[in-house]
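With compact mmCIF, C-alpha atoms inside, this is structure_3.txt:
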# COMPACT_ATOMS: atom_id res chain seq x y z
CA MET A 80 0.00 0.00 0.00
CA THR A 81 2.79 2.44 0.94
CA ARG A 82 4.79 1.74 -2.21
CA PHE A 83 1.64 2.10 -4.31
CA LEU A 84 0.82 5.53 -2.86
CA LEU A 85 4.40 6.77 -3.18
CA SER A 86 4.61 5.55 -6.77
CA GLY A 87 1.28 7.18 -7.53
CA LEU A 88 2.37 10.48 -6.00
CA PHE A 89 5.60 10.64 -7.98
CA LEU A 90 3.71 9.72 -11.14
CA PHE A 91 1.18 12.53 -10.73
CA LEU A 92 3.86 15.03 -9.73
CA THR A 93 5.71 14.14 -12.93
CA LEU A 94 2.54 14.55 -14.95
CA SER A 95 1.93 17.90 -13.30
CA LEU A 96 5.11 19.26 -14.81
CA VAL A 97 3.60 18.91 -18.27
CA ALA A 98 -0.04 19.53 -17.40
CA GLN A 99 -0.58 23.16 -18.30
CA GLU A 100 -4.38 23.29 -18.50
CA ASN A 101 -6.17 24.02 -15.23
CA SER A 102 -3.31 23.19 -12.90
CA PHE A 103 -3.48 24.87 -9.47
CA ILE A 104 -1.41 24.90 -6.31
CA THR A 105 -3.12 25.09 -2.92
CA ILE A 106 -1.46 25.94 0.38
CA GLY A 107 -3.33 25.79 3.66
CA VAL A 108 -3.72 24.89 7.29
CA GLY A 109 -6.13 22.54 9.02
CA TYR A 110 -7.29 21.75 12.54
CA PRO A 111 -7.46 18.01 13.34
CA PHE A 112 -9.97 16.98 16.02
CA ILE A 113 -9.73 13.47 17.49
CA THR A 114 -13.18 12.04 18.26
CA GLY A 115 -14.14 9.98 21.30
CA ALA A 116 -10.99 10.92 23.21
CA LYS A 117 -12.61 10.93 26.66
CA VAL A 118 -10.97 7.88 28.22
CA SER A 119 -12.12 8.07 31.85
CA ASP A 120 -14.79 9.56 34.10
CA ASN A 121 -12.36 9.76 37.01
CA ALA A 122 -12.47 13.30 38.39
CA HIS A 123 -8.78 13.04 39.32
CA TYR A 124 -7.75 12.19 35.76
CA ASP A 125 -7.37 14.92 33.15
CA TYR A 126 -6.73 14.02 29.51
CA ASN A 127 -6.54 16.27 26.45
CA ILE A 128 -5.65 15.65 22.82
CA ASN A 129 -7.53 18.43 21.04
CA SER A 130 -5.59 21.55 21.93
CA GLY A 131 -2.64 22.73 19.88
CA ASN A 132 -3.24 20.45 16.88
CA TYR A 133 -2.47 21.55 13.32
CA ASN A 134 -2.03 20.30 9.76
CA LEU A 135 -0.04 22.16 7.11
CA PHE A 136 -0.39 21.10 3.50
CA LEU A 137 0.71 21.84 -0.04
CA GLU A 138 -1.07 20.25 -2.98
CA LYS A 139 -1.36 20.55 -6.74
CA GLU A 140 -4.71 20.15 -8.46
CA LEU A 141 -4.63 18.45 -11.84
CA LYS A 142 -7.36 18.10 -14.44
CA LEU A 143 -5.98 15.43 -16.75
CA LEU A 144 -9.14 13.62 -17.87
CA LYS A 145 -10.49 15.67 -20.77
CA LYS A 146 -13.68 13.62 -21.17
CA THR A 147 -14.58 14.06 -17.49
CA PRO A 148 -13.17 17.45 -16.44
CA GLN A 149 -15.19 17.35 -13.20
CA ILE A 150 -12.83 14.68 -11.83
CA LEU A 151 -9.69 16.21 -10.32
CA LEU A 152 -6.56 14.44 -9.13
CA THR A 153 -4.70 16.21 -6.33
CA PRO A 154 -1.35 14.90 -5.04
CA GLY A 155 0.10 16.67 -2.04
CA LEU A 156 2.33 16.80 1.02
CA ALA A 157 1.23 17.37 4.62
CA PHE A 158 2.83 17.94 8.01
CA THR A 159 0.63 17.04 10.99
CA GLY A 160 1.17 17.86 14.66
CA ILE A 161 -0.99 16.54 17.51
CA LYS A 162 -0.45 17.45 21.17
CA GLU A 163 -1.45 14.92 23.84
CA THR A 164 -1.38 15.47 27.62
CA TYR A 165 -2.63 13.67 30.71
CA LYS A 166 -2.46 14.17 34.46
CA LEU A 167 -3.54 11.89 37.31
CA GLU A 168 -3.66 13.03 40.92
CA ALA A 169 -4.73 10.47 43.55
CA LEU A 170 -4.17 9.98 47.27
CA GLY A 171 -1.43 7.43 46.91
CA GLY A 172 0.22 8.52 43.71
CA GLY A 173 -0.14 10.09 40.30
CA GLY A 174 1.62 11.10 37.16
CA ASP A 175 1.54 13.22 34.03
CA GLY A 176 2.62 13.12 30.43
CA ASP A 177 3.16 15.59 27.62
CA PHE A 178 3.61 14.32 24.07
CA GLN A 179 4.02 15.82 20.61
CA HIS A 180 3.07 13.53 17.73
CA ARG A 181 4.40 14.80 14.39
CA ALA A 182 4.22 13.23 10.95
CA PHE A 183 5.16 14.06 7.36
CA SER A 184 2.96 12.38 4.77
CA THR A 185 2.24 12.22 1.07
CA TYR A 186 -1.28 11.83 -0.24
CA LEU A 187 -3.61 11.76 -3.20
CA LYS A 188 -7.13 13.19 -3.41
CA VAL A 189 -9.64 12.15 -6.04
CA ILE A 190 -12.50 14.63 -6.11
CA TYR A 191 -15.57 15.41 -8.17
CA GLU A 192 -16.19 19.12 -8.67
CA ILE A 193 -19.73 20.50 -8.99
CA ASP A 194 -19.33 23.52 -11.24
CA ARG A 195 -22.52 25.63 -11.49
CA GLN A 196 -21.07 28.20 -13.90
CA PRO A 197 -22.35 30.54 -15.30
CA TYR A 198 -25.12 30.94 -12.73
CA VAL A 199 -22.91 31.39 -9.64
CA VAL A 200 -19.18 31.56 -9.03
CA THR A 201 -19.22 29.18 -6.05
CA ASP A 202 -18.01 25.61 -6.66
CA TYR A 203 -18.51 22.54 -4.47
CA TYR A 204 -16.62 19.25 -4.45
CA PHE A 205 -16.45 15.91 -2.68
CA GLY A 206 -14.21 12.87 -2.88
CA VAL A 207 -11.74 10.59 -1.14
CA HIS A 208 -8.35 11.22 0.41
CA ALA A 209 -5.67 8.51 0.83
CA GLY A 210 -2.18 9.03 2.21
CA CYS A 211 0.85 7.35 3.69
CA TYR A 212 3.45 8.57 6.17
CA ILE A 213 6.99 9.18 5.05
CA ASN A 214 8.18 9.81 8.60
CA SER A 215 6.58 10.14 12.03
CA LYS A 216 7.87 10.77 15.53
CA THR A 217 6.61 11.03 19.10
CA THR A 218 8.53 13.16 21.58
CA GLY A 219 7.79 14.35 25.11
CA SER A 220 8.09 13.24 28.70
CA THR A 221 6.30 11.30 31.42
CA SER A 222 6.62 11.37 35.19
CA SER A 223 5.01 9.49 38.05
CA TRP A 224 5.06 9.54 41.83
CA GLN A 225 3.95 7.24 44.61
CA LEU A 226 3.87 7.62 48.37
CA ASN A 227 6.27 5.38 50.25
CA PRO A 228 4.68 3.57 53.22
CA ASP A 229 7.85 4.29 55.19
CA GLY A 230 7.59 7.98 54.42
CA GLY A 231 8.62 10.19 51.57
CA LYS A 232 7.73 9.94 47.93
CA TYR A 233 9.02 7.76 45.11
CA THR A 234 9.30 9.58 41.75
CA ASN A 235 10.21 8.54 38.24
CA SER A 236 10.54 10.44 34.97
CA GLU A 237 11.26 9.50 31.37
CA GLU A 238 12.03 11.39 28.18
CA ILE A 239 10.23 10.12 25.08
CA ASP A 240 11.80 10.16 21.61
CA LYS A 241 10.54 7.35 19.38
CA SER A 242 8.81 6.53 16.12
CA GLY A 243 5.22 7.68 15.81
CA ASN A 244 4.05 4.53 14.01
CA ASP A 245 2.14 3.27 17.05
CA PHE A 246 0.10 6.48 17.07
CA PHE A 247 -0.26 7.38 13.39
CA HIS A 248 -0.16 3.86 11.84
CA LEU A 249 1.28 3.67 8.31
CA ASN A 250 -1.58 4.92 6.11
CA TYR A 251 -4.79 6.91 6.40
CA PHE A 252 -7.98 7.17 4.38
CA GLY A 253 -10.88 9.60 4.53
CA ILE A 254 -13.79 11.27 2.80
CA ILE A 255 -13.76 14.99 2.03
CA ALA A 256 -16.14 17.74 0.96
CA GLY A 257 -15.35 21.35 0.21
CA ILE A 258 -16.53 24.70 -1.04
CA ARG A 259 -14.78 27.35 -3.14
CA PRO A 260 -16.68 30.64 -2.76
CA LEU A 261 -14.81 32.19 -5.72
CA GLY A 262 -14.32 29.02 -7.74
CA ASP A 263 -15.29 30.55 -11.09
CA ALA A 264 -14.05 34.06 -10.43
CA GLU A 265 -11.08 35.50 -12.28
CA ASN A 266 -9.16 36.04 -9.05
CA PHE A 267 -5.62 34.66 -9.01
CA LEU A 268 -5.99 33.79 -5.30
CA LYS A 269 -9.15 31.98 -4.21
CA PRO A 270 -10.08 30.61 -0.76
CA THR A 271 -11.28 27.08 -0.15
CA ILE A 272 -12.88 25.48 2.92
CA GLU A 273 -12.77 21.72 3.36
CA LEU A 274 -14.24 19.24 5.84
CA ALA A 275 -12.86 15.71 6.18
CA PHE A 276 -13.45 12.55 8.20
CA TYR A 277 -10.83 9.84 8.73
CA PRO A 278 -11.97 6.60 10.44
CA SER A 279 -9.51 4.85 12.80
CA PHE A 280 -6.99 7.63 12.22
CA ALA A 281 -4.83 7.10 15.33
CA THR A 282 -4.35 4.73 18.27
CA LEU A 283 -4.61 6.39 21.68
CA ASN A 284 -3.31 4.88 24.88
CA SER A 285 -5.65 5.26 27.85
CA TYR A 286 -3.00 5.95 30.47
CA TYR A 287 -5.53 5.50 33.25
CA ASN A 288 -7.04 2.21 32.05
CA ASN A 289 -3.93 1.05 30.17
CA LEU A 290 -5.93 0.24 27.03
CA ASP A 291 -5.25 1.05 23.38
CA GLU A 292 -8.16 2.35 21.30
CA LYS A 293 -8.35 3.42 17.67
CA LYS A 294 -9.96 6.84 17.27
CA SER A 295 -11.29 8.67 14.24
CA MET A 296 -10.59 12.27 13.27
CA PHE A 297 -12.51 15.22 11.86
CA GLN A 298 -10.61 18.05 10.21
CA ILE A 299 -11.51 21.49 8.96
CA SER A 300 -9.07 23.12 6.57
CA ILE A 301 -8.71 26.55 5.01
CA GLY A 302 -6.57 26.96 1.93
CA ILE A 303 -5.62 29.43 -0.77
CA VAL A 304 -5.83 28.23 -4.36
CA VAL A 305 -3.24 29.88 -6.60
CA GLY A 306 -4.04 30.05 -10.31
CA LYS A 307 -6.73 30.98 -12.83
CA LYS A 308 -9.13 28.82 -14.77
CA PRO A 309 -8.58 29.01 -18.51
CA LYS A 310 -11.24 30.89 -20.42
CA THR A 311 -13.68 28.73 -22.31
CA ASN A 312 -14.97 29.56 -25.76

Transcribe the structure of this file into structure tokens.
Amino acid sequence: MTRFLLSGLFLFLTLSLVAQENSFITIGVGYPFITGAKVSDNAHYDYNINSGNYNLFLEKELKLLKKTPQILLTPGLAFTGIKETYKLEALGGGGDGDFQHRAFSTYLKVIYEIDRQPYVVTDYYFGVHAGCYINSKTTGSTSSWQLNPDGGKYTNSEEIDKSGNDFFHLNYFGIIAGIRPLGDAENFLKPTIELAFYPSFATLNSYYNNLDEKKSMFQISIGIVVGKKPKTN
């Protein structure tokens, strides 16, 4: 699967060098939101994975199928960062952790564009999004403490610097839908807003229950499309 996606990306990037008609570049930022991340009802346990997350991306839209111009192929690159923290305070002990999960990935979108020209300039689209990770890493630290029956406190701390494969997996797949308010305008820069859903996107460790659970992700992205549509006769 990984080799297939990488081969596909390099193929479409090569084709993009010679595809002159309706070829756009989009740069943008997204906010990833992990769903179902509440792992415990314990009032002494605080867990958070939805603050400080981000996704930066660069992609190139290609319209290579002349018979079906509504279908667009969009290879791209993305850098994702997800911040995860937990803290447990109990009578006999506790602990905390602070992690940064980062990943660099390549992807391909296949979308169908609903172009309502010439009635309105707004365009809509929907499709699928498949990607694979080129590199991922998890860094951070954990610490724990426990009261000693003989008095005092036992403490332990650990620095984390490891592969992020256990969190991010190797590949991801999702469905997307977006809107381009100025899709048919003559502007050189046009905004785009996109919503996406990725099932089983990451594996979270419940540090309180010591269980691993796969969680899905929603993402909202805002991008700037650079380029103009060619004039039609």

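With only C-alpha atoms taken into account, the protein and nucleic acid residues at most 10 Å from Gly115 in chain A (excluding it and anything under 6 positions from it in its own chain) are Glu292, Lys293, Lys294, Ser295 and Met296 of chain A.
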
Using all atoms listed in the file, the best pick from A:Phe103, A:Tyr251, A:Phe280, A:Tyr233 as closest to Gly171 in chain A would be A:Tyr233

Exercise: range 161-168 of chain A partners within 10 Å, all atoms listed in the file, chain neighbours under 4 positions left out, as an NGL selection string: :A and (110-113 or 121-134 or 172-182 or 217-224 or 283 or 285-287)

Residues within 6 Å of range 258-274 of chain A, all atoms listed in the file, excluding chain neighbours under 2 positions, as a list in words: Val200, Thr201, Asp202, Tyr203, Ile255, Ala256, Gln298, Ile299, Ser300, Ile301, Gly302, Ile303, Val304, Val305, Gly306 and Lys307 of chain A

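Our summary of the geometry notes that CA of Gly253 in chain A is positioned 9.4 Å from CA of Phe297 in chain A.
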
Give me the residues within 12 Å of Ile213 in chain A as a PyMOL selection string, counting only C-alpha atoms and dropping any in the same chain fewer than 3 places off. chain A and resi 81-82+84-85+156-159+181-186+210+216+242-244+247-250

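Taking CA of Thr105 in chain A and CA of Tyr212 in chain A as endpoints, the distance between them is 20.0 Å.
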
One decimal, Å: what's the distance from CA of Pro154 in chain A over to CA of Lys241 in chain A, could you say? 28.2 Å
